[in-house]
Amino acid sequence: MRISKFRKTPKVVFIVGPTAIGKTRLAVKLAMKLRGEIISCDSMQIYKGMDILSQTPSRSDRRLVKHHLVNLLSPDKEYSAAVFIKRAAPIIKSILKIGKTPIVVGGSGLYIKALIYGLFPSPAADMKFRKNMQRFAARHGLSRLHKRLMEIDPDCASRIHANDVRRIIRALEIFHSTGRTMTELKSATKGLGDVYDIKLFGLKAKRSSIYSRIDERVDKMFADGIVKEVRRLTRKKLAMTSKEALGLKEITGYLDGEYEAEYAKDMLKMNTRRFAKRQLTWFRKNKRIKWFDVERNSEAKIIANITKKVG
RNA sequence: GCCGAGGUAGCUCAGCGGUAGAGCGCUGCCCUGAAAAGGCAGGCGUGGCGUGUUCGACUCACGCCCUCGGCA
């Protein structure tokens, strides 16, 4: 940071916030003002053919501003926080190189954290190992796996709840493929925050407003043909990641005749509200975020404010 | 109008003469390669209203109101 006094440390702008708050719209306008390019920090917008489901930025928005990590992966391919930062880091570097401003836009707390603070070097996901472990847990009980982790890496095991299947298995997986424990690997991790000047901005609103925005959005998704999109997507095998997109389970149940469309819609609204709630929990604790209430400030005002702080 | 069933948490409903529980919802939290995922915690209540019996009523009795079903 010493050099920042003499040479400007490159700035990377982040726009975060819960789903349906208006990040996409604001980001495009901000990018035009700042001469920026957008990097989507989103586990679903990366996929092709999920425009309605993942609320992918529109073609016209993408024509106005260059968007990265949007609409380029086939839904049968896995994606993850680690893959995201591997792809995002060089993109950010190249945007800065041509003198433009990288604007990272997204609502995933983990992806953002991973990008700014880094992930410790760890092996890629081993789906076969996970499935084996899941089978083992189903047969002999999850506590056996937790106990095994306790023997290998007590420090890590004590931090993971005994019912948290995914984290227990991931910790075992790391040991399985590297012979080293998660605790060992957790040392010195580097992220973007060590290299660039990170500017974090958040969009917020009253909880009730966020929820009604979600309701409206879901209604619109149905009007726009989400059912058709899901029918098309589920004809082929989906990756574990893309399979988790909100709306897929809900609409598949309707398509299978388990319930009415109206019920699927209500479930999607509910699950999206819960998602927003979890996002808020995640962001709330990040004290570096500068928040803007979208109901108390006009979009123009927020953009002007951000521009001033970044400029 | 008569007969029957029932009014308990936001919803669906248990239970009991000693002032209440479950599931879902909701709220809070955790989070390092599935994160739009996964996990943890918390009961949030004028027991339809009133009168009576009782040391004590959500629980028993009576009256009223309301809902649902059947008969008219």
# chains A, B, ... in the order shown; residues from 1 in each chain; ligands from 1
$ interface_residues --of "chain A" --to "chain B" --cutoff "7 Å" --atoms "only C-alpha atoms (C1' of nucleotides)" --output "ChimeraX atom specification"
/A:80-82,108,110,119-120,124-125,161,163-164,166,240-241,244-246,275
$ write_last_selection --atoms "N, CA and C atoms" --output "JSON list (two decimals), in the first residue's frame"
[["chain", "number", "residue", "atom", "x", "y", "z"],
["A", 80, "SER", "N", -18.24, -23.30, -9.97],
["A", 80, "SER", "CA", -18.03, -23.20, -8.53],
["A", 80, "SER", "C", -17.35, -21.89, -8.22],
["A", 81, "ALA", "N", -17.27, -21.58, -6.95],
["A", 81, "ALA", "CA", -16.61, -20.35, -6.52],
["A", 81, "ALA", "C", -15.16, -20.34, -7.00],
["A", 82, "ALA", "N", -14.50, -21.49, -6.94],
["A", 82, "ALA", "CA", -13.10, -21.56, -7.33],
["A", 82, "ALA", "C", -12.93, -21.33, -8.82],
["A", 108, "SER", "N", -23.77, -13.43, -4.69],
["A", 108, "SER", "CA", -23.28, -14.59, -3.97],
["A", 108, "SER", "C", -22.19, -14.20, -2.99],
["A", 110, "LEU", "N", -20.33, -15.98, -1.04],
["A", 110, "LEU", "CA", -19.11, -16.78, -1.11],
["A", 110, "LEU", "C", -18.25, -16.40, -2.30],
["A", 119, "LEU", "N", -9.14, -18.07, -2.04],
["A", 119, "LEU", "CA", -9.46, -19.40, -1.51],
["A", 119, "LEU", "C", -8.12, -20.08, -1.27],
["A", 120, "PHE", "N", -8.04, -20.87, -0.24],
["A", 120, "PHE", "CA", -6.76, -21.56, -0.05],
["A", 120, "PHE", "C", -6.62, -22.61, -1.14],
["A", 124, "ALA", "N", -9.80, -29.79, -6.77],
["A", 124, "ALA", "CA", -11.10, -29.65, -7.41],
["A", 124, "ALA", "C", -12.09, -30.65, -6.84],
["A", 125, "ALA", "N", -13.33, -30.38, -7.10],
["A", 125, "ALA", "CA", -14.39, -31.27, -6.61],
["A", 125, "ALA", "C", -14.24, -32.66, -7.21],
["A", 161, "HIS", "N", -20.65, -28.44, 11.85],
["A", 161, "HIS", "CA", -21.72, -29.11, 12.59],
["A", 161, "HIS", "C", -21.88, -30.55, 12.13],
["A", 163, "ASN", "N", -24.25, -32.31, 11.48],
["A", 163, "ASN", "CA", -25.29, -32.59, 10.48],
["A", 163, "ASN", "C", -24.99, -32.00, 9.12],
["A", 164, "ASP", "N", -23.89, -31.29, 9.02],
["A", 164, "ASP", "CA", -23.61, -30.56, 7.78],
["A", 164, "ASP", "C", -22.88, -31.47, 6.79],
["A", 166, "ARG", "N", -22.47, -31.67, 3.57],
["A", 166, "ARG", "CA", -21.62, -31.16, 2.50],
["A", 166, "ARG", "C", -20.26, -30.75, 2.99],
["A", 240, "MET", "N", -24.48, -30.54, -11.38],
["A", 240, "MET", "CA", -24.93, -30.37, -10.01],
["A", 240, "MET", "C", -25.16, -28.90, -9.68],
["A", 241, "THR", "N", -24.35, -28.04, -10.28],
["A", 241, "THR", "CA", -24.48, -26.61, -10.01],
["A", 241, "THR", "C", -25.75, -26.05, -10.64],
["A", 244, "GLU", "N", -29.31, -26.62, -9.34],
["A", 244, "GLU", "CA", -29.78, -25.97, -8.12],
["A", 244, "GLU", "C", -30.42, -24.62, -8.37],
["A", 245, "ALA", "N", -30.54, -24.21, -9.60],
["A", 245, "ALA", "CA", -31.15, -22.90, -9.89],
["A", 245, "ALA", "C", -32.55, -22.85, -9.30],
["A", 246, "LEU", "N", -32.84, -21.76, -8.63],
["A", 246, "LEU", "CA", -34.18, -21.59, -8.08],
["A", 246, "LEU", "C", -35.20, -21.61, -9.22],
["A", 275, "PHE", "N", -33.84, -17.11, -0.04],
["A", 275, "PHE", "CA", -32.52, -16.88, -0.62],
["A", 275, "PHE", "C", -32.08, -15.45, -0.32]]
$ select_by_dssp --residues "segment 20-253 of chain A" --states "helix (DSSP H, G or I)" --output "number ranges by chain"
A: 23-34, 51-54, 59-64, 81-97, 109-117, 127-140, 142-152, 154-159, 165-178, 182-185, 192-194, 207-223, 226-233, 242-244, 248-253
$ atom_distance --atom1 "atom CA of Ser209 of chain A" --atom2 "atom CA of Ala20 of chain A"
10.0 Å
$ atom_distance --atom1 "atom CA of Lys100 of chain A" --atom2 "atom CA of Arg59 of chain A"
21.2 Å
$ atom_distance --atom1 "atom CA of Arg139 of chain A" --atom2 "atom CA of Leu172 of chain A"
17.3 Å
$ residues_around --residues "Lys48 of chain A" --least-positions-apart "2" --cutoff "9 Å" --atoms "only C-alpha atoms (C1' of nucleotides)" --output "PyMOL selection string"
chain A and resi 44-46+50-51+70-75
$ closest_atom_pairs --of "segment 174-207 of chain A" --to "segment 212-217 of chain A" --cutoff "12 Å" --atoms "only C-alpha atoms" --output "tab-separated table"
residue	atom	partner	partner_atom	distance
A:Lys204	CA	A:Arg213	CA	11.9
A:Ala205	CA	A:Arg213	CA	10.1
A:Lys206	CA	A:Ser212	CA	10.1
A:Arg207	CA	A:Ser212	CA	8.8
$ residues_around --residues "Asp126 of chain A" --least-positions-apart "5" --cutoff "12 Å" --atoms "only C-alpha atoms (C1' of nucleotides)" --output "list in words"
Glu78, Lys131, Asn132, Met133, Ile169, Arg170, Ala171, Leu172, Glu173, Ile174, Phe175, His176, Ser177, Thr178 and Met240 of chain A; G33 and A34 of chain B
$ residues_around --residues "G70 of chain B" --least-positions-apart "5" --cutoff "12 Å" --atoms "only C-alpha atoms (C1' of nucleotides)" --output "PyMOL selection string"
chain B and resi 2-5
$ closest_residue --among "A:Lys277, A:Gly99, A:Phe136, A:Lys86" --to "Ser208 of chain A" --atoms "only C-alpha atoms"
A:Lys277
$ residues_around --residues "G6 of chain B" --least-positions-apart "3" --cutoff "12 Å" --atoms "only C-alpha atoms (C1' of nucleotides)" --output "list in words"
C13, G48, C66, U67, C68 and G69 of chain B
$ closest_residue --among "A:Met127, A:Val28, A:Ile168, A:Cys41" --to "His146 of chain A" --atoms "only C-alpha atoms"
A:Ile168
$ residues_around --residues "C49 of chain B" --least-positions-apart "3" --cutoff "12 Å" --atoms "only C-alpha atoms (C1' of nucleotides)" --output "PyMOL selection string"
chain B and resi 7+46+63-66
$ decode --residues "segment 28-59 of chain B" --atoms "N, CA, C and O atoms (P, O5', C5', C4', C3', O3' and C1' of nucleotides)" --output "tab-separated table (two decimals), in the first residue's frame"
chain	number	residue	atom	x	y	z
B	28	G	P	-33.97	-11.42	9.95
B	28	G	O5'	-32.98	-12.07	11.01
B	28	G	C5'	-32.68	-11.41	12.22
B	28	G	C4'	-31.85	-12.31	13.10
B	28	G	C3'	-30.56	-12.83	12.48
B	28	G	O3'	-29.53	-11.87	12.54
B	28	G	C1'	-31.69	-14.61	13.52
B	29	C	P	-28.36	-11.89	11.43
B	29	C	O5'	-27.57	-13.24	11.76
B	29	C	C5'	-26.79	-13.35	12.94
B	29	C	C4'	-26.36	-14.77	13.13
B	29	C	C3'	-25.39	-15.33	12.10
B	29	C	O3'	-24.06	-14.89	12.35
B	29	C	C1'	-27.05	-16.94	12.57
B	30	C	P	-22.99	-14.88	11.17
B	30	C	O5'	-22.64	-16.43	10.97
B	30	C	C5'	-21.98	-17.16	12.00
B	30	C	C4'	-21.83	-18.59	11.55
B	30	C	C3'	-21.06	-18.75	10.25
B	30	C	O3'	-19.67	-18.77	10.50
B	30	C	C1'	-23.02	-20.08	10.20
B	31	C	P	-18.69	-18.16	9.39
B	31	C	O5'	-18.77	-19.23	8.21
B	31	C	C5'	-18.44	-20.60	8.43
B	31	C	C4'	-18.94	-21.42	7.25
B	31	C	C3'	-18.20	-21.11	5.96
B	31	C	O3'	-18.16	-22.29	5.18
B	31	C	C1'	-20.48	-20.62	5.69
B	32	U	P	-16.86	-23.09	4.87
B	32	U	O5'	-16.07	-22.24	3.75
B	32	U	C5'	-16.69	-21.99	2.51
B	32	U	C4'	-15.68	-22.17	1.40
B	32	U	C3'	-14.95	-23.50	1.44
B	32	U	O3'	-14.74	-23.92	0.09
B	32	U	C1'	-13.40	-21.73	1.56
B	33	G	P	-15.02	-25.38	-0.41
B	33	G	O5'	-14.86	-25.10	-1.97
B	33	G	C5'	-15.90	-24.41	-2.65
B	33	G	C4'	-16.02	-25.01	-4.01
B	33	G	C3'	-16.16	-26.52	-4.01
B	33	G	O3'	-16.97	-26.83	-5.12
B	33	G	C1'	-14.27	-25.91	-5.25
B	34	A	P	-18.12	-27.92	-4.86
B	34	A	O5'	-19.47	-27.15	-5.23
B	34	A	C5'	-19.67	-26.73	-6.56
B	34	A	C4'	-21.18	-26.61	-6.70
B	34	A	C3'	-21.74	-25.65	-5.65
B	34	A	O3'	-22.48	-24.62	-6.23
B	34	A	C1'	-22.71	-27.86	-5.43
B	35	A	P	-22.70	-23.55	-6.84
B	35	A	O5'	-23.25	-22.52	-5.75
B	35	A	C5'	-24.60	-22.61	-5.32
B	35	A	C4'	-24.80	-21.65	-4.19
B	35	A	C3'	-24.05	-20.34	-4.37
B	35	A	O3'	-24.83	-19.29	-3.85
B	35	A	C1'	-23.39	-21.36	-2.39
B	36	A	P	-25.60	-18.39	-4.82
B	36	A	O5'	-27.07	-18.97	-4.82
B	36	A	C5'	-27.88	-18.91	-3.65
B	36	A	C4'	-29.23	-19.51	-3.99
B	36	A	C3'	-29.15	-20.98	-4.40
B	36	A	O3'	-30.36	-21.61	-4.08
B	36	A	C1'	-29.80	-19.68	-6.26
B	37	A	P	-30.80	-22.09	-2.70
B	37	A	O5'	-29.90	-23.39	-2.51
B	37	A	C5'	-29.94	-24.44	-3.47
B	37	A	C4'	-28.78	-25.36	-3.18
B	37	A	C3'	-28.75	-25.92	-1.77
B	37	A	O3'	-29.57	-27.07	-1.66
B	37	A	C1'	-26.63	-25.06	-2.31
B	38	G	P	-30.46	-27.29	-0.37
B	38	G	O5'	-29.34	-27.50	0.74
B	38	G	C5'	-28.55	-28.67	0.73
B	38	G	C4'	-27.47	-28.57	1.77
B	38	G	C3'	-27.93	-28.27	3.19
B	38	G	O3'	-28.46	-29.42	3.83
B	38	G	C1'	-26.10	-26.90	2.70
B	39	G	P	-29.55	-29.26	4.99
B	39	G	O5'	-28.70	-28.70	6.20
B	39	G	C5'	-27.72	-29.51	6.81
B	39	G	C4'	-26.93	-28.70	7.80
B	39	G	C3'	-27.72	-28.14	8.97
B	39	G	O3'	-27.95	-29.11	9.97
B	39	G	C1'	-26.34	-26.46	8.10
B	40	C	P	-29.23	-29.01	10.90
B	40	C	O5'	-28.82	-27.85	11.91
B	40	C	C5'	-27.72	-28.02	12.79
B	40	C	C4'	-27.49	-26.75	13.57
B	40	C	C3'	-28.70	-26.25	14.36
B	40	C	O3'	-28.85	-26.94	15.59
B	40	C	C1'	-27.74	-24.44	13.21
B	41	A	P	-30.29	-27.08	16.25
B	41	A	O5'	-30.57	-25.59	16.76
B	41	A	C5'	-29.80	-25.06	17.82
B	41	A	C4'	-30.13	-23.60	17.99
B	41	A	C3'	-31.57	-23.29	18.36
B	41	A	O3'	-31.78	-23.42	19.76
B	41	A	C1'	-30.89	-21.84	16.62
B	42	G	P	-33.23	-23.78	20.33
B	42	G	O5'	-34.03	-22.42	20.06
B	42	G	C5'	-33.73	-21.26	20.80
B	42	G	C4'	-34.54	-20.10	20.29
B	42	G	C3'	-36.05	-20.30	20.34
B	42	G	O3'	-36.55	-20.00	21.62
B	42	G	C1'	-35.44	-19.36	18.25
B	43	G	P	-37.68	-20.90	22.27
B	43	G	O5'	-38.99	-20.46	21.45
B	43	G	C5'	-39.42	-19.09	21.40
B	43	G	C4'	-40.87	-19.02	20.95
B	43	G	C3'	-41.89	-19.45	21.99
B	43	G	O3'	-42.90	-18.44	22.15
B	43	G	C1'	-42.38	-20.37	19.89
B	44	C	P	-42.54	-16.91	22.32
B	44	C	O5'	-43.01	-16.23	20.95
B	44	C	C5'	-43.01	-14.80	20.83
B	44	C	C4'	-43.62	-14.41	19.50
B	44	C	C3'	-45.00	-14.98	19.29
B	44	C	O3'	-45.92	-13.99	18.84
B	44	C	C1'	-43.57	-15.60	17.49
B	45	G	P	-46.95	-13.35	19.96
B	45	G	O5'	-47.90	-14.62	20.22
B	45	G	C5'	-48.88	-15.01	19.22
B	45	G	C4'	-50.03	-15.64	19.95
B	45	G	C3'	-50.32	-14.93	21.30
B	45	G	O3'	-51.30	-13.88	21.20
B	45	G	C1'	-50.24	-17.36	21.51
B	46	U	P	-52.60	-13.46	20.65
B	46	U	O5'	-53.66	-13.62	21.85
B	46	U	C5'	-53.27	-13.29	23.13
B	46	U	C4'	-54.32	-13.76	24.10
B	46	U	C3'	-55.47	-14.57	23.48
B	46	U	O3'	-56.00	-15.41	24.47
B	46	U	C1'	-56.31	-12.57	24.36
B	47	G	P	-55.67	-16.89	24.69
B	47	G	O5'	-56.29	-17.47	23.35
B	47	G	C5'	-57.66	-17.83	23.28
B	47	G	C4'	-57.70	-19.12	22.52
B	47	G	C3'	-58.91	-19.97	22.89
B	47	G	O3'	-59.35	-20.57	21.69
B	47	G	C1'	-56.88	-21.13	23.38
B	48	G	P	-60.91	-20.92	21.46
B	48	G	O5'	-61.61	-19.63	20.86
B	48	G	C5'	-60.90	-18.70	20.04
B	48	G	C4'	-61.87	-17.61	19.65
B	48	G	C3'	-62.61	-16.99	20.83
B	48	G	O3'	-61.89	-15.90	21.37
B	48	G	C1'	-64.16	-17.65	19.17
B	49	C	P	-61.87	-15.73	22.98
B	49	C	O5'	-63.29	-15.09	23.29
B	49	C	C5'	-63.65	-13.82	22.77
B	49	C	C4'	-65.10	-13.54	23.08
B	49	C	C3'	-65.50	-13.73	24.54
B	49	C	O3'	-65.18	-12.59	25.32
B	49	C	C1'	-67.10	-14.77	23.15
B	50	G	P	-64.80	-12.84	26.88
B	50	G	O5'	-66.21	-13.23	27.54
B	50	G	C5'	-67.23	-12.26	27.66
B	50	G	C4'	-68.53	-12.90	28.08
B	50	G	C3'	-68.52	-13.64	29.42
B	50	G	O3'	-68.63	-12.74	30.51
B	50	G	C1'	-69.70	-14.91	27.82
B	51	U	P	-68.08	-13.22	31.96
B	51	U	O5'	-69.18	-14.27	32.42
B	51	U	C5'	-70.47	-13.83	32.84
B	51	U	C4'	-71.37	-15.02	33.08
B	51	U	C3'	-70.88	-16.00	34.15
B	51	U	O3'	-71.19	-15.57	35.46
B	51	U	C1'	-71.58	-17.20	32.24
B	52	G	P	-70.27	-16.05	36.67
B	52	G	O5'	-70.60	-17.62	36.74
B	52	G	C5'	-71.86	-18.07	37.22
B	52	G	C4'	-72.01	-19.55	36.99
B	52	G	C3'	-71.08	-20.45	37.80
B	52	G	O3'	-71.55	-20.63	39.11
B	52	G	C1'	-71.18	-21.20	35.56
B	53	U	P	-70.57	-21.05	40.30
B	53	U	O5'	-70.16	-22.54	39.89
B	53	U	C5'	-71.09	-23.61	40.07
B	53	U	C4'	-70.41	-24.93	39.78
B	53	U	C3'	-69.08	-25.13	40.52
B	53	U	O3'	-69.28	-25.60	41.84
B	53	U	C1'	-68.80	-25.68	38.23
B	54	U	P	-68.49	-24.93	43.04
B	54	U	O5'	-67.00	-25.39	42.76
B	54	U	C5'	-66.66	-26.78	42.74
B	54	U	C4'	-65.25	-26.95	42.24
B	54	U	C3'	-64.21	-26.07	42.93
B	54	U	O3'	-63.78	-26.65	44.16
B	54	U	C1'	-63.90	-25.98	40.58
B	55	C	P	-63.65	-25.68	45.42
B	55	C	O5'	-62.31	-24.87	45.13
B	55	C	C5'	-62.01	-23.71	45.88
B	55	C	C4'	-60.62	-23.22	45.51
B	55	C	C3'	-60.37	-23.06	44.02
B	55	C	O3'	-60.81	-21.80	43.56
B	55	C	C1'	-58.58	-24.28	44.98
B	56	G	P	-61.61	-21.72	42.17
B	56	G	O5'	-60.46	-22.12	41.13
B	56	G	C5'	-59.36	-21.23	40.91
B	56	G	C4'	-58.33	-21.91	40.04
B	56	G	C3'	-58.84	-22.39	38.69
B	56	G	O3'	-58.86	-21.34	37.75
B	56	G	C1'	-57.53	-24.09	39.70
B	57	A	P	-60.05	-21.27	36.63
B	57	A	O5'	-59.77	-22.56	35.75
B	57	A	C5'	-58.51	-22.79	35.13
B	57	A	C4'	-58.71	-23.25	33.71
B	57	A	C3'	-59.46	-22.23	32.85
B	57	A	O3'	-58.98	-22.31	31.53
B	57	A	C1'	-60.72	-24.21	33.01
B	58	C	P	-58.46	-21.06	30.76
B	58	C	O5'	-58.19	-21.66	29.31
B	58	C	C5'	-59.04	-21.37	28.23
B	58	C	C4'	-59.10	-22.53	27.28
B	58	C	C3'	-59.75	-23.79	27.84
B	58	C	O3'	-61.16	-23.75	27.65
B	58	C	C1'	-57.69	-24.34	26.80
B	59	U	P	-62.17	-24.49	28.65
B	59	U	O5'	-61.75	-26.02	28.52
B	59	U	C5'	-61.93	-26.72	27.29
B	59	U	C4'	-61.32	-28.09	27.40
B	59	U	C3'	-62.02	-29.00	28.41
B	59	U	O3'	-62.28	-30.27	27.83
B	59	U	C1'	-59.70	-28.83	28.90
